[in-house]
Amino acid sequence: MEFESRCRELLPSFARSADGLAFHVDSRSGPDVLSSWTSAHAALVLSALDPGAATAELRALYRACQRSDGLVAGERVGDAKARARRQAEVGPLFGEDDRSILIAPPVAAFAAARLAGIQGTPARDLLECATRELDAIWGHRLPPDTPLPVILHPLESGWARSALFDELRSASACQLDPERALRAGHAFVIEDPLFCGWLLLALEACSQAWEKLGDTTVCLKLRIRSEMIAEGVASRLWWDEQDVYAAWNRGRQSALRAVTAGGLLPAAAKSLIEEGTPKRAVDRHLRPGVSPLWVAQGLSQRPVQRDERQPRAASAAAISPLAHFWAHLVLVRADRLADARVARTALESLALARGFHAEYAASDEDPGAGGPDDSLWPALALEMRAREAEPG
């Protein structure tokens, strides 16, 4: 298969090593920084090609980024040069241990649970790391009197360029403590659908993996938490007028209304599917070539207007491999396999025709087409194909 062969050729160019750890980055031209967000997605890609390599990727991630309290740092730099370059981009967000003070959505825990479900006992150590991560988020990021965790910096959402956060500052000055940030009246204390969606998916996946390993106590604990998070997402983040999940600003006690691809991710949660809102989100926003998020070229992070689809349109709208990945997961869980395949094949076609890039123009004329392959993200189509083949 041409796409798989291309991925196998490209993946070594994203491989890096530092401090005795091997990992993958998302761009050939980026700094040699172990990002838990990127590395977790790389593990999902590798699981479709080489489960052993995927396991090694996650073990390196947790060894490098998991702190003593269980939280997983969003990034870890390998040397002074990489640290200086990264801090020039995002600010002084690294501690003395070279770990970022920020966290990321727990995609790593989701990936670890998937591998443990496949490999069983040999991957138990990864499942234990994943459960520690979920326990730590539960213990450190849930403010009083709320069922949902909060993010305290745009980079913690997984998609820092979201227009939701353009006017807000991070709460890093409050030592990234939700209760302290709320007492100080800080504006950036956000219940984010993308972060909460990944937490919910990871809780469900880890609970199922522990059940397969025979540990009913941990399974039950995680299941109860997933039900609480699902209830909070449905009651606090659902935007009824637009049939999508949207962020809530705890600091300002106001909704951050925007239709985004990330706002669809909670619809993949099994504990929400029976509640009914996921079907409404899918029916409205995930119709190929019809919904504003899904134009002829593929899926965008935000709705694409008609004038943005014209050749040489000046627009921030772009087709996103990550949007394809999230939509595909939602569609598979909703038993919309035909549409899921459309999402996956569209991404494969874009990568083969225009190159492996982090985004693509929403029109047929793409200034970046034909440029050097420089992004890991389109390779997620491998994981998407593997998911389609899974029973049930």
# chains A, B, ... in the order shown; residues from 1 in each chain; ligands from 1
>>> residues_around(residues="range 187-195 of chain A", least_positions_apart="5", cutoff="9 Å", atoms="only C-alpha atoms", output="VMD selection string")
chain A and resid 104 to 106 148 to 154 156 to 159 165 168 to 171 178 181 to 182 200 233 236 to 237 245 to 252 261 to 266
>>> write_last_selection(atoms="C-alpha atoms", output="PDB file, in the first residue's frame")
ATOM      1  CA  ALA A 104      -1.212  18.031  28.048  1.00  0.00           C
ATOM      2  CA  PRO A 105      -4.414  16.120  27.293  1.00  0.00           C
ATOM      3  CA  PRO A 106      -3.892  12.500  28.413  1.00  0.00           C
ATOM      4  CA  LEU A 148     -14.535  18.736  35.308  1.00  0.00           C
ATOM      5  CA  PRO A 149     -10.773  19.380  35.255  1.00  0.00           C
ATOM      6  CA  VAL A 150      -9.416  22.694  34.014  1.00  0.00           C
ATOM      7  CA  ILE A 151      -6.513  23.789  31.854  1.00  0.00           C
ATOM      8  CA  LEU A 152      -4.507  26.811  32.948  1.00  0.00           C
ATOM      9  CA  HIS A 153      -2.543  27.640  29.792  1.00  0.00           C
ATOM     10  CA  PRO A 154      -3.466  27.537  26.075  1.00  0.00           C
ATOM     11  CA  GLU A 156      -2.536  22.519  27.698  1.00  0.00           C
ATOM     12  CA  SER A 157      -5.448  22.234  25.281  1.00  0.00           C
ATOM     13  CA  GLY A 158      -3.421  20.374  22.670  1.00  0.00           C
ATOM     14  CA  TRP A 159      -4.330  23.004  20.095  1.00  0.00           C
ATOM     15  CA  PHE A 165      -7.876  31.656  23.817  1.00  0.00           C
ATOM     16  CA  LEU A 168      -6.771  35.262  27.609  1.00  0.00           C
ATOM     17  CA  ARG A 169      -3.523  34.992  29.558  1.00  0.00           C
ATOM     18  CA  SER A 170      -2.320  31.802  31.201  1.00  0.00           C
ATOM     19  CA  ALA A 171      -2.565  31.148  34.933  1.00  0.00           C
ATOM     20  CA  PRO A 178      -6.832  25.779  39.925  1.00  0.00           C
ATOM     21  CA  ALA A 181      -6.148  30.770  40.265  1.00  0.00           C
ATOM     22  CA  LEU A 182      -9.856  31.021  41.035  1.00  0.00           C
ATOM     23  CA  LEU A 200     -12.967  10.809  29.347  1.00  0.00           C
ATOM     24  CA  VAL A 233     -19.323  17.361  29.942  1.00  0.00           C
ATOM     25  CA  ARG A 236     -21.597  22.078  31.369  1.00  0.00           C
ATOM     26  CA  LEU A 237     -20.018  21.990  27.918  1.00  0.00           C
ATOM     27  CA  TYR A 245     -19.294  20.890  22.996  1.00  0.00           C
ATOM     28  CA  ALA A 246     -17.755  24.260  23.838  1.00  0.00           C
ATOM     29  CA  ALA A 247     -15.393  25.517  26.538  1.00  0.00           C
ATOM     30  CA  TRP A 248     -16.471  27.080  29.811  1.00  0.00           C
ATOM     31  CA  ASN A 249     -14.378  29.761  31.499  1.00  0.00           C
ATOM     32  CA  ARG A 250     -14.464  29.090  35.232  1.00  0.00           C
ATOM     33  CA  GLY A 251     -12.500  32.264  35.919  1.00  0.00           C
ATOM     34  CA  ARG A 252     -15.122  34.498  34.286  1.00  0.00           C
ATOM     35  CA  ALA A 261     -13.324  20.104  15.519  1.00  0.00           C
ATOM     36  CA  GLY A 262     -11.966  19.692  19.046  1.00  0.00           C
ATOM     37  CA  GLY A 263     -15.480  20.334  20.327  1.00  0.00           C
ATOM     38  CA  LEU A 264     -16.569  17.089  18.691  1.00  0.00           C
ATOM     39  CA  LEU A 265     -14.090  14.788  20.456  1.00  0.00           C
ATOM     40  CA  PRO A 266     -16.250  14.108  23.549  1.00  0.00           C
TER      41      PRO A 266
END
>>> select_by_dssp(residues="range 210-309 of chain A", states="strand (DSSP E or B)", output="PDB file with N, CA, C and O atoms, in the first residue's frame")
ATOM      1  N   TRP A 238     -22.019  21.237  26.741  1.00  0.00           N
ATOM      2  CA  TRP A 238     -22.861  21.094  25.558  1.00  0.00           C
ATOM      3  C   TRP A 238     -23.502  22.427  25.182  1.00  0.00           C
ATOM      4  O   TRP A 238     -24.107  23.098  25.998  1.00  0.00           O
ATOM      5  N   TRP A 239     -23.320  22.807  23.912  1.00  0.00           N
ATOM      6  CA  TRP A 239     -23.900  24.045  23.368  1.00  0.00           C
ATOM      7  C   TRP A 239     -25.088  23.635  22.515  1.00  0.00           C
ATOM      8  O   TRP A 239     -24.941  23.208  21.375  1.00  0.00           O
ATOM      9  N   VAL A 244     -22.755  21.133  19.631  1.00  0.00           N
ATOM     10  CA  VAL A 244     -21.331  20.861  19.782  1.00  0.00           C
ATOM     11  C   VAL A 244     -20.932  21.150  21.221  1.00  0.00           C
ATOM     12  O   VAL A 244     -21.654  21.856  21.943  1.00  0.00           O
ATOM     13  N   TYR A 245     -19.807  20.607  21.661  1.00  0.00           N
ATOM     14  CA  TYR A 245     -19.294  20.890  22.996  1.00  0.00           C
ATOM     15  C   TYR A 245     -18.371  22.100  22.915  1.00  0.00           C
ATOM     16  O   TYR A 245     -17.544  22.210  22.010  1.00  0.00           O
ATOM     17  N   ALA A 247     -16.109  25.291  25.276  1.00  0.00           N
ATOM     18  CA  ALA A 247     -15.393  25.517  26.538  1.00  0.00           C
ATOM     19  C   ALA A 247     -16.196  26.400  27.488  1.00  0.00           C
ATOM     20  O   ALA A 247     -17.032  27.219  27.077  1.00  0.00           O
ATOM     21  N   TRP A 248     -15.879  26.252  28.765  1.00  0.00           N
ATOM     22  CA  TRP A 248     -16.471  27.080  29.811  1.00  0.00           C
ATOM     23  C   TRP A 248     -15.339  27.715  30.613  1.00  0.00           C
ATOM     24  O   TRP A 248     -14.428  27.025  31.049  1.00  0.00           O
ATOM     25  N   ASN A 249     -15.399  29.019  30.764  1.00  0.00           N
ATOM     26  CA  ASN A 249     -14.378  29.761  31.499  1.00  0.00           C
ATOM     27  C   ASN A 249     -14.788  29.863  32.959  1.00  0.00           C
ATOM     28  O   ASN A 249     -15.658  30.665  33.316  1.00  0.00           O
ATOM     29  N   SER A 254     -18.272  32.165  32.319  1.00  0.00           N
ATOM     30  CA  SER A 254     -18.940  32.424  31.045  1.00  0.00           C
ATOM     31  C   SER A 254     -18.511  31.382  30.024  1.00  0.00           C
ATOM     32  O   SER A 254     -17.428  30.784  30.134  1.00  0.00           O
ATOM     33  N   ALA A 255     -19.370  31.181  29.037  1.00  0.00           N
ATOM     34  CA  ALA A 255     -19.074  30.213  27.985  1.00  0.00           C
ATOM     35  C   ALA A 255     -18.153  30.832  26.943  1.00  0.00           C
ATOM     36  O   ALA A 255     -18.201  32.033  26.683  1.00  0.00           O
ATOM     37  N   LEU A 256     -17.299  30.000  26.356  1.00  0.00           N
ATOM     38  CA  LEU A 256     -16.449  30.396  25.234  1.00  0.00           C
ATOM     39  C   LEU A 256     -17.018  29.711  23.996  1.00  0.00           C
ATOM     40  O   LEU A 256     -16.671  28.586  23.669  1.00  0.00           O
ATOM     41  N   TRP A 294     -16.442  20.250   7.239  1.00  0.00           N
ATOM     42  CA  TRP A 294     -16.011  19.185   6.345  1.00  0.00           C
ATOM     43  C   TRP A 294     -16.273  19.588   4.896  1.00  0.00           C
ATOM     44  O   TRP A 294     -17.335  19.325   4.349  1.00  0.00           O
ATOM     45  N   VAL A 295     -15.303  20.243   4.300  1.00  0.00           N
ATOM     46  CA  VAL A 295     -15.434  20.709   2.925  1.00  0.00           C
ATOM     47  C   VAL A 295     -14.869  19.655   1.974  1.00  0.00           C
ATOM     48  O   VAL A 295     -14.450  18.575   2.408  1.00  0.00           O
ATOM     49  N   GLY A 298     -11.430  18.248   2.844  1.00  0.00           N
ATOM     50  CA  GLY A 298     -11.274  17.531   4.101  1.00  0.00           C
ATOM     51  C   GLY A 298     -11.825  18.310   5.278  1.00  0.00           C
ATOM     52  O   GLY A 298     -12.635  19.227   5.114  1.00  0.00           O
ATOM     53  N   LEU A 299     -11.361  17.948   6.462  1.00  0.00           N
ATOM     54  CA  LEU A 299     -11.872  18.513   7.711  1.00  0.00           C
ATOM     55  C   LEU A 299     -10.969  19.616   8.233  1.00  0.00           C
ATOM     56  O   LEU A 299      -9.743  19.495   8.225  1.00  0.00           O
ATOM     57  N   SER A 300     -11.593  20.682   8.733  1.00  0.00           N
ATOM     58  CA  SER A 300     -10.873  21.819   9.282  1.00  0.00           C
ATOM     59  C   SER A 300     -11.098  21.899  10.787  1.00  0.00           C
ATOM     60  O   SER A 300     -12.051  21.328  11.318  1.00  0.00           O
TER      61      SER A 300
END
>>> atom_distance(atom1="CA of Gln208 in chain A", atom2="CA of Cys129 in chain A")
15.4 Å
>>> atom_distance(atom1="CA of Arg223 in chain A", atom2="CA of Leu102 in chain A")
26.2 Å
>>> closest_residue(among="A:Lys270, A:Arg287, A:Arg76, A:Arg302", to="Ala338 in chain A", atoms="only C-alpha atoms")
A:Arg287
>>> decode(residues="range 142-157 of chain A", atoms="all heavy atoms", output="CSV table (one decimal), in the first residue's frame")
chain,number,residue,atom,x,y,z
A,142,LEU,N,-8.9,19.3,39.3
A,142,LEU,CA,-10.4,19.5,39.5
A,142,LEU,C,-10.6,20.6,40.6
A,142,LEU,O,-10.3,20.3,41.8
A,142,LEU,CB,-11.1,18.2,40.0
A,142,LEU,CG,-11.7,17.4,38.8
A,142,LEU,CD1,-10.6,16.8,38.0
A,142,LEU,CD2,-12.7,16.4,39.3
A,143,PRO,N,-11.0,21.8,40.3
A,143,PRO,CA,-11.3,22.8,41.3
A,143,PRO,C,-12.5,22.3,42.2
A,143,PRO,O,-13.2,21.4,41.9
A,143,PRO,CB,-11.8,24.0,40.5
A,143,PRO,CG,-11.3,23.8,39.1
A,143,PRO,CD,-11.4,22.3,38.9
A,144,PRO,N,-12.6,23.0,43.4
A,144,PRO,CA,-13.7,22.6,44.3
A,144,PRO,C,-15.1,22.8,43.6
A,144,PRO,O,-15.3,23.6,42.7
A,144,PRO,CB,-13.6,23.6,45.4
A,144,PRO,CG,-12.2,24.1,45.4
A,144,PRO,CD,-11.8,24.1,43.9
A,145,ASP,N,-16.0,21.9,43.9
A,145,ASP,CA,-17.4,22.0,43.5
A,145,ASP,C,-17.6,22.0,42.0
A,145,ASP,O,-18.4,22.7,41.4
A,145,ASP,CB,-18.0,23.3,44.0
A,145,ASP,CG,-17.9,23.4,45.5
A,145,ASP,OD1,-18.1,22.4,46.2
A,145,ASP,OD2,-17.6,24.5,46.0
A,146,THR,N,-16.8,21.1,41.3
A,146,THR,CA,-17.0,21.0,39.8
A,146,THR,C,-16.6,19.6,39.5
A,146,THR,O,-15.7,19.0,40.0
A,146,THR,CB,-16.1,22.0,39.0
A,146,THR,OG1,-16.3,21.7,37.6
A,146,THR,CG2,-14.6,21.8,39.3
A,147,PRO,N,-17.3,19.0,38.5
A,147,PRO,CA,-16.9,17.6,38.0
A,147,PRO,C,-15.9,17.6,36.9
A,147,PRO,O,-15.5,16.5,36.5
A,147,PRO,CB,-18.3,17.1,37.6
A,147,PRO,CG,-19.0,18.3,37.0
A,147,PRO,CD,-18.5,19.5,37.8
A,148,LEU,N,-15.4,18.7,36.5
A,148,LEU,CA,-14.5,18.7,35.3
A,148,LEU,C,-13.2,19.3,35.7
A,148,LEU,O,-13.1,20.3,36.4
A,148,LEU,CB,-15.1,19.5,34.2
A,148,LEU,CG,-16.4,19.0,33.5
A,148,LEU,CD1,-16.9,19.9,32.4
A,148,LEU,CD2,-16.2,17.6,33.0
A,149,PRO,N,-12.1,18.8,35.1
A,149,PRO,CA,-10.8,19.4,35.3
A,149,PRO,C,-10.6,20.7,34.4
A,149,PRO,O,-11.4,20.9,33.5
A,149,PRO,CB,-9.8,18.3,34.7
A,149,PRO,CG,-10.6,17.6,33.7
A,149,PRO,CD,-12.1,17.6,34.2
A,150,VAL,N,-9.6,21.5,34.7
A,150,VAL,CA,-9.4,22.7,34.0
A,150,VAL,C,-8.0,22.7,33.5
A,150,VAL,O,-7.1,22.1,34.0
A,150,VAL,CB,-9.6,23.9,34.9
A,150,VAL,CG1,-11.1,24.0,35.3
A,150,VAL,CG2,-8.7,23.9,36.1
A,151,ILE,N,-7.8,23.5,32.4
A,151,ILE,CA,-6.5,23.8,31.9
A,151,ILE,C,-6.2,25.2,32.3
A,151,ILE,O,-7.1,26.0,32.4
A,151,ILE,CB,-6.4,23.6,30.3
A,151,ILE,CG1,-7.4,24.5,29.6
A,151,ILE,CG2,-6.6,22.1,30.0
A,151,ILE,CD1,-7.1,24.5,28.1
A,152,LEU,N,-4.9,25.5,32.4
A,152,LEU,CA,-4.5,26.8,32.9
A,152,LEU,C,-3.5,27.5,32.0
A,152,LEU,O,-3.0,28.6,32.4
A,152,LEU,CB,-3.9,26.6,34.3
A,152,LEU,CG,-4.8,26.0,35.4
A,152,LEU,CD1,-4.0,25.6,36.6
A,152,LEU,CD2,-6.0,26.9,35.7
A,153,HIS,N,-3.4,27.0,30.8
A,153,HIS,CA,-2.5,27.6,29.8
A,153,HIS,C,-3.0,27.1,28.4
A,153,HIS,O,-3.4,26.0,28.3
A,153,HIS,CB,-1.1,27.2,30.0
A,153,HIS,CG,-0.1,28.0,29.2
A,153,HIS,ND1,0.1,27.8,27.8
A,153,HIS,CD2,0.8,29.0,29.5
A,153,HIS,CE1,1.0,28.6,27.3
A,153,HIS,NE2,1.4,29.3,28.3
A,154,PRO,N,-3.0,28.0,27.4
A,154,PRO,CA,-3.5,27.5,26.1
A,154,PRO,C,-2.8,26.3,25.6
A,154,PRO,O,-3.4,25.4,24.9
A,154,PRO,CB,-3.2,28.7,25.2
A,154,PRO,CG,-3.2,29.9,26.1
A,154,PRO,CD,-2.7,29.4,27.4
A,155,LEU,N,-1.5,26.1,25.9
A,155,LEU,CA,-0.8,25.0,25.4
A,155,LEU,C,-1.3,23.7,26.0
A,155,LEU,O,-1.0,22.6,25.5
A,155,LEU,CB,0.7,25.1,25.7
A,155,LEU,CG,1.5,26.1,24.9
A,155,LEU,CD1,2.9,26.3,25.4
A,155,LEU,CD2,1.5,25.7,23.4
A,156,GLU,N,-2.0,23.7,27.1
A,156,GLU,CA,-2.5,22.5,27.7
A,156,GLU,C,-3.8,22.0,27.0
A,156,GLU,O,-4.2,20.9,27.3
A,156,GLU,CB,-2.9,22.8,29.2
A,156,GLU,CG,-1.6,23.1,30.0
A,156,GLU,CD,-1.9,23.1,31.5
A,156,GLU,OE1,-3.0,23.5,31.9
A,156,GLU,OE2,-1.0,22.8,32.3
A,157,SER,N,-4.3,22.7,26.0
A,157,SER,CA,-5.4,22.2,25.3
A,157,SER,C,-5.1,21.2,24.2
A,157,SER,O,-6.0,20.5,23.7
A,157,SER,CB,-6.2,23.4,24.6
A,157,SER,OG,-5.5,23.9,23.5
